[in-house]
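Novice: I'd like to ask you about the structure that follows.
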Amino acid sequence: MSSSNMSRQAATGPKGRAISVAAAMPNPPIPMQTSDIQSAPWPDSGNSDLASYFECPVCFDYALPPIMQCQSGHIVCQSCRQKLTMCPTCRGPLGNIRNLAMEKVAASVLFPCRYSNNGCPSTLLHTQKSEHEDTCEHRPYTCPCPGASCKWQGSLEQVMPHLMQSHKSITTLQGEDIVFLATDINLPGAVDWVMMQSCFGHNFMLVLEKQEKIDGLQMFYAIVQLIGNRKQAENFIYRLELNGHRRRLTWEAAPRSIHDGIQSAIASSDCLVFDTNIAQLFADHGNLGINVTITICER
């Protein structure tokens, strides 16, 4: 059959209706160079469809570079790949074959944030995805109480109801200027003292953490975090103050959002820090009072 006759052939469309090949393909496809794939993201209109091709059949997350495949070309994400011995799609062996073509396409696809169902509108290149998700404002909040015993996660609006229901022993004081009393600071081992402060229509969590160091030295870390997001935390300043006989130790900073937690601040000493000897200078019969003042930051 000649090419001219072939171009006039009719194809059968849905429900037997004939459509012309010329009408279905008004313009011949244009070859795409490899450099075109790497240079810019795909248009938004087809980006979600392209991203779906990277979906892992096990966890439904995205399989991102380096992308491994079975001998038949089926892919799984790196996390699931480490747990499997055979392909979940065809049951064939999972070797160490990289799908270089998919990796090239992945370099130009914009993937949605994993917290898109929580309201995050961001779409990102796979090289930016992990860093964004680590700090995404739409990720679930964890329980702000220190320690690893509570595994609760939920939305920001659910944090206070969780604390009131599951951590009823935490005392809440009203007002922008209160005294945080830590009792029995001479207790051995690592200890946490927690109190809530409510003012300016917000709730703040005050934490005093005692850590045992390798050399036997005990260190205290005092910090305030806002039950709110980062933008809200920028509106406040807190001051912690220890008062004793002709002595005063103060620390002033912006509160941490519970989105960030306090451990990174403690690790970098970005809080009020003092050792056991300093604590004894301000303690009264083993109890330590810390004056806490919350103010609105002036712009």
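Please note that chains go A, B, ... in the order of the structure tokens, that every chain numbers its residues from 1, and that ligands are numbered from 1 in the order shown.
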Give me the stretch 100-152 of chain A side of the contact with stretch 166-190 of chain A, cut-off 10 Å, one line per residue showing its nearest atom pair and distance in Å at one decimal, counting only C-alpha atoms, sorted by chain and residue number, as CSV.

Specialist:
```
residue,atom,partner,partner_atom,distance
A:Cys145,CA,A:His167,CA,8.6
A:Cys150,CA,A:Ser166,CA,9.2
A:Trp152,CA,A:Ser166,CA,9.7
```

Novice: Residues of the last selection are to be written out with N, CA and C atoms, as a CSV table (one decimal), in the first residue's frame.

Specialist:
```
chain,number,residue,atom,x,y,z
A,145,CYS,N,5.4,18.0,73.5
A,145,CYS,CA,6.0,17.6,74.7
A,145,CYS,C,7.4,17.0,74.5
A,150,CYS,N,5.3,10.1,73.5
A,150,CYS,CA,4.1,10.4,72.8
A,150,CYS,C,4.3,10.5,71.3
A,152,TRP,N,1.9,11.1,69.0
A,152,TRP,CA,0.7,11.7,68.3
A,152,TRP,C,1.2,12.7,67.2
```

Novice: Neighbouring residues of A:His138 were defined as those with any atom within 8 Å, considering only C-alpha atoms; residues of the same chain fewer than 2 positions away were excluded. Please report them as an NGL selection string.

Specialist: :A and (115-116 or 118-120 or 136 or 140)

Novice: Export all heavy atoms of the chosen residues as a CSV table (one decimal), in the first residue's frame?

Specialist:
```
chain,number,residue,atom,x,y,z
A,115,TYR,N,2.7,16.5,51.1
A,115,TYR,CA,1.6,17.0,52.0
A,115,TYR,C,0.6,17.8,51.2
A,115,TYR,O,-0.1,18.6,51.7
A,115,TYR,CB,2.2,17.8,53.1
A,115,TYR,CG,3.2,17.1,53.9
A,115,TYR,CD1,4.5,17.6,53.9
A,115,TYR,CD2,2.9,16.0,54.6
A,115,TYR,CE1,5.5,16.9,54.6
A,115,TYR,CE2,3.9,15.3,55.3
A,115,TYR,CZ,5.2,15.7,55.3
A,115,TYR,OH,6.1,15.1,56.1
A,116,SER,N,0.5,17.5,49.9
A,116,SER,CA,-0.5,18.2,49.0
A,116,SER,C,-1.9,17.9,49.5
A,116,SER,O,-2.8,18.8,49.4
A,116,SER,CB,-0.4,17.7,47.6
A,116,SER,OG,-0.5,16.3,47.4
A,118,ASN,N,-2.8,17.8,52.5
A,118,ASN,CA,-3.0,18.6,53.6
A,118,ASN,C,-3.1,20.1,53.2
A,118,ASN,O,-3.3,21.0,54.1
A,118,ASN,CB,-1.9,18.5,54.6
A,118,ASN,CG,-1.8,17.1,55.2
A,118,ASN,OD1,-2.8,16.3,55.1
A,118,ASN,ND2,-0.8,16.7,55.9
A,119,GLY,N,-3.0,20.4,51.9
A,119,GLY,CA,-3.2,21.8,51.5
A,119,GLY,C,-2.0,22.4,50.9
A,119,GLY,O,-2.1,23.6,50.4
A,120,CYS,N,-0.9,21.7,50.8
A,120,CYS,CA,0.3,22.3,50.2
A,120,CYS,C,0.2,22.4,48.7
A,120,CYS,O,0.0,21.4,48.0
A,120,CYS,CB,1.6,21.5,50.6
A,120,CYS,SG,3.1,22.3,49.9
A,136,CYS,N,8.0,21.8,55.3
A,136,CYS,CA,6.7,22.2,54.8
A,136,CYS,C,5.7,22.6,55.9
A,136,CYS,O,5.5,21.8,56.9
A,136,CYS,CB,6.1,21.1,53.9
A,136,CYS,SG,4.5,21.5,53.3
A,140,PRO,N,2.1,17.2,59.0
A,140,PRO,CA,1.4,17.1,60.4
A,140,PRO,C,2.4,17.5,61.5
A,140,PRO,O,3.6,17.3,61.4
A,140,PRO,CB,1.2,15.6,60.4
A,140,PRO,CG,1.2,15.1,59.0
A,140,PRO,CD,2.2,16.0,58.3
```

Novice: Pick the closest to A:Cys77 from A:Cys56, A:Ala51, A:Val105, A:Ile97: which is it, counting only C-alpha atoms?

Specialist: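 Counting only C-alpha atoms, the residue closest to A:Cys77 is A:Cys56.
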
Novice: List every residue of stretch 159-297 of chain A that DSSP, applied to the backbone of this structure, assigns to helix (DSSP H, G or I), and report them as a list of chain:residue names.

Specialist: A:Val159, A:Met160, A:Pro161, A:His162, A:Leu163, A:Met164, A:Gln165, A:Ser166, A:Arg230, A:Lys231, A:Gln232, A:Ala233, A:Gln263, A:Ser264, A:Ala265, A:Ile266, A:Ala267, A:Thr276, A:Asn277, A:Ile278, A:Ala279, A:Gln280, A:Leu281, A:Phe282
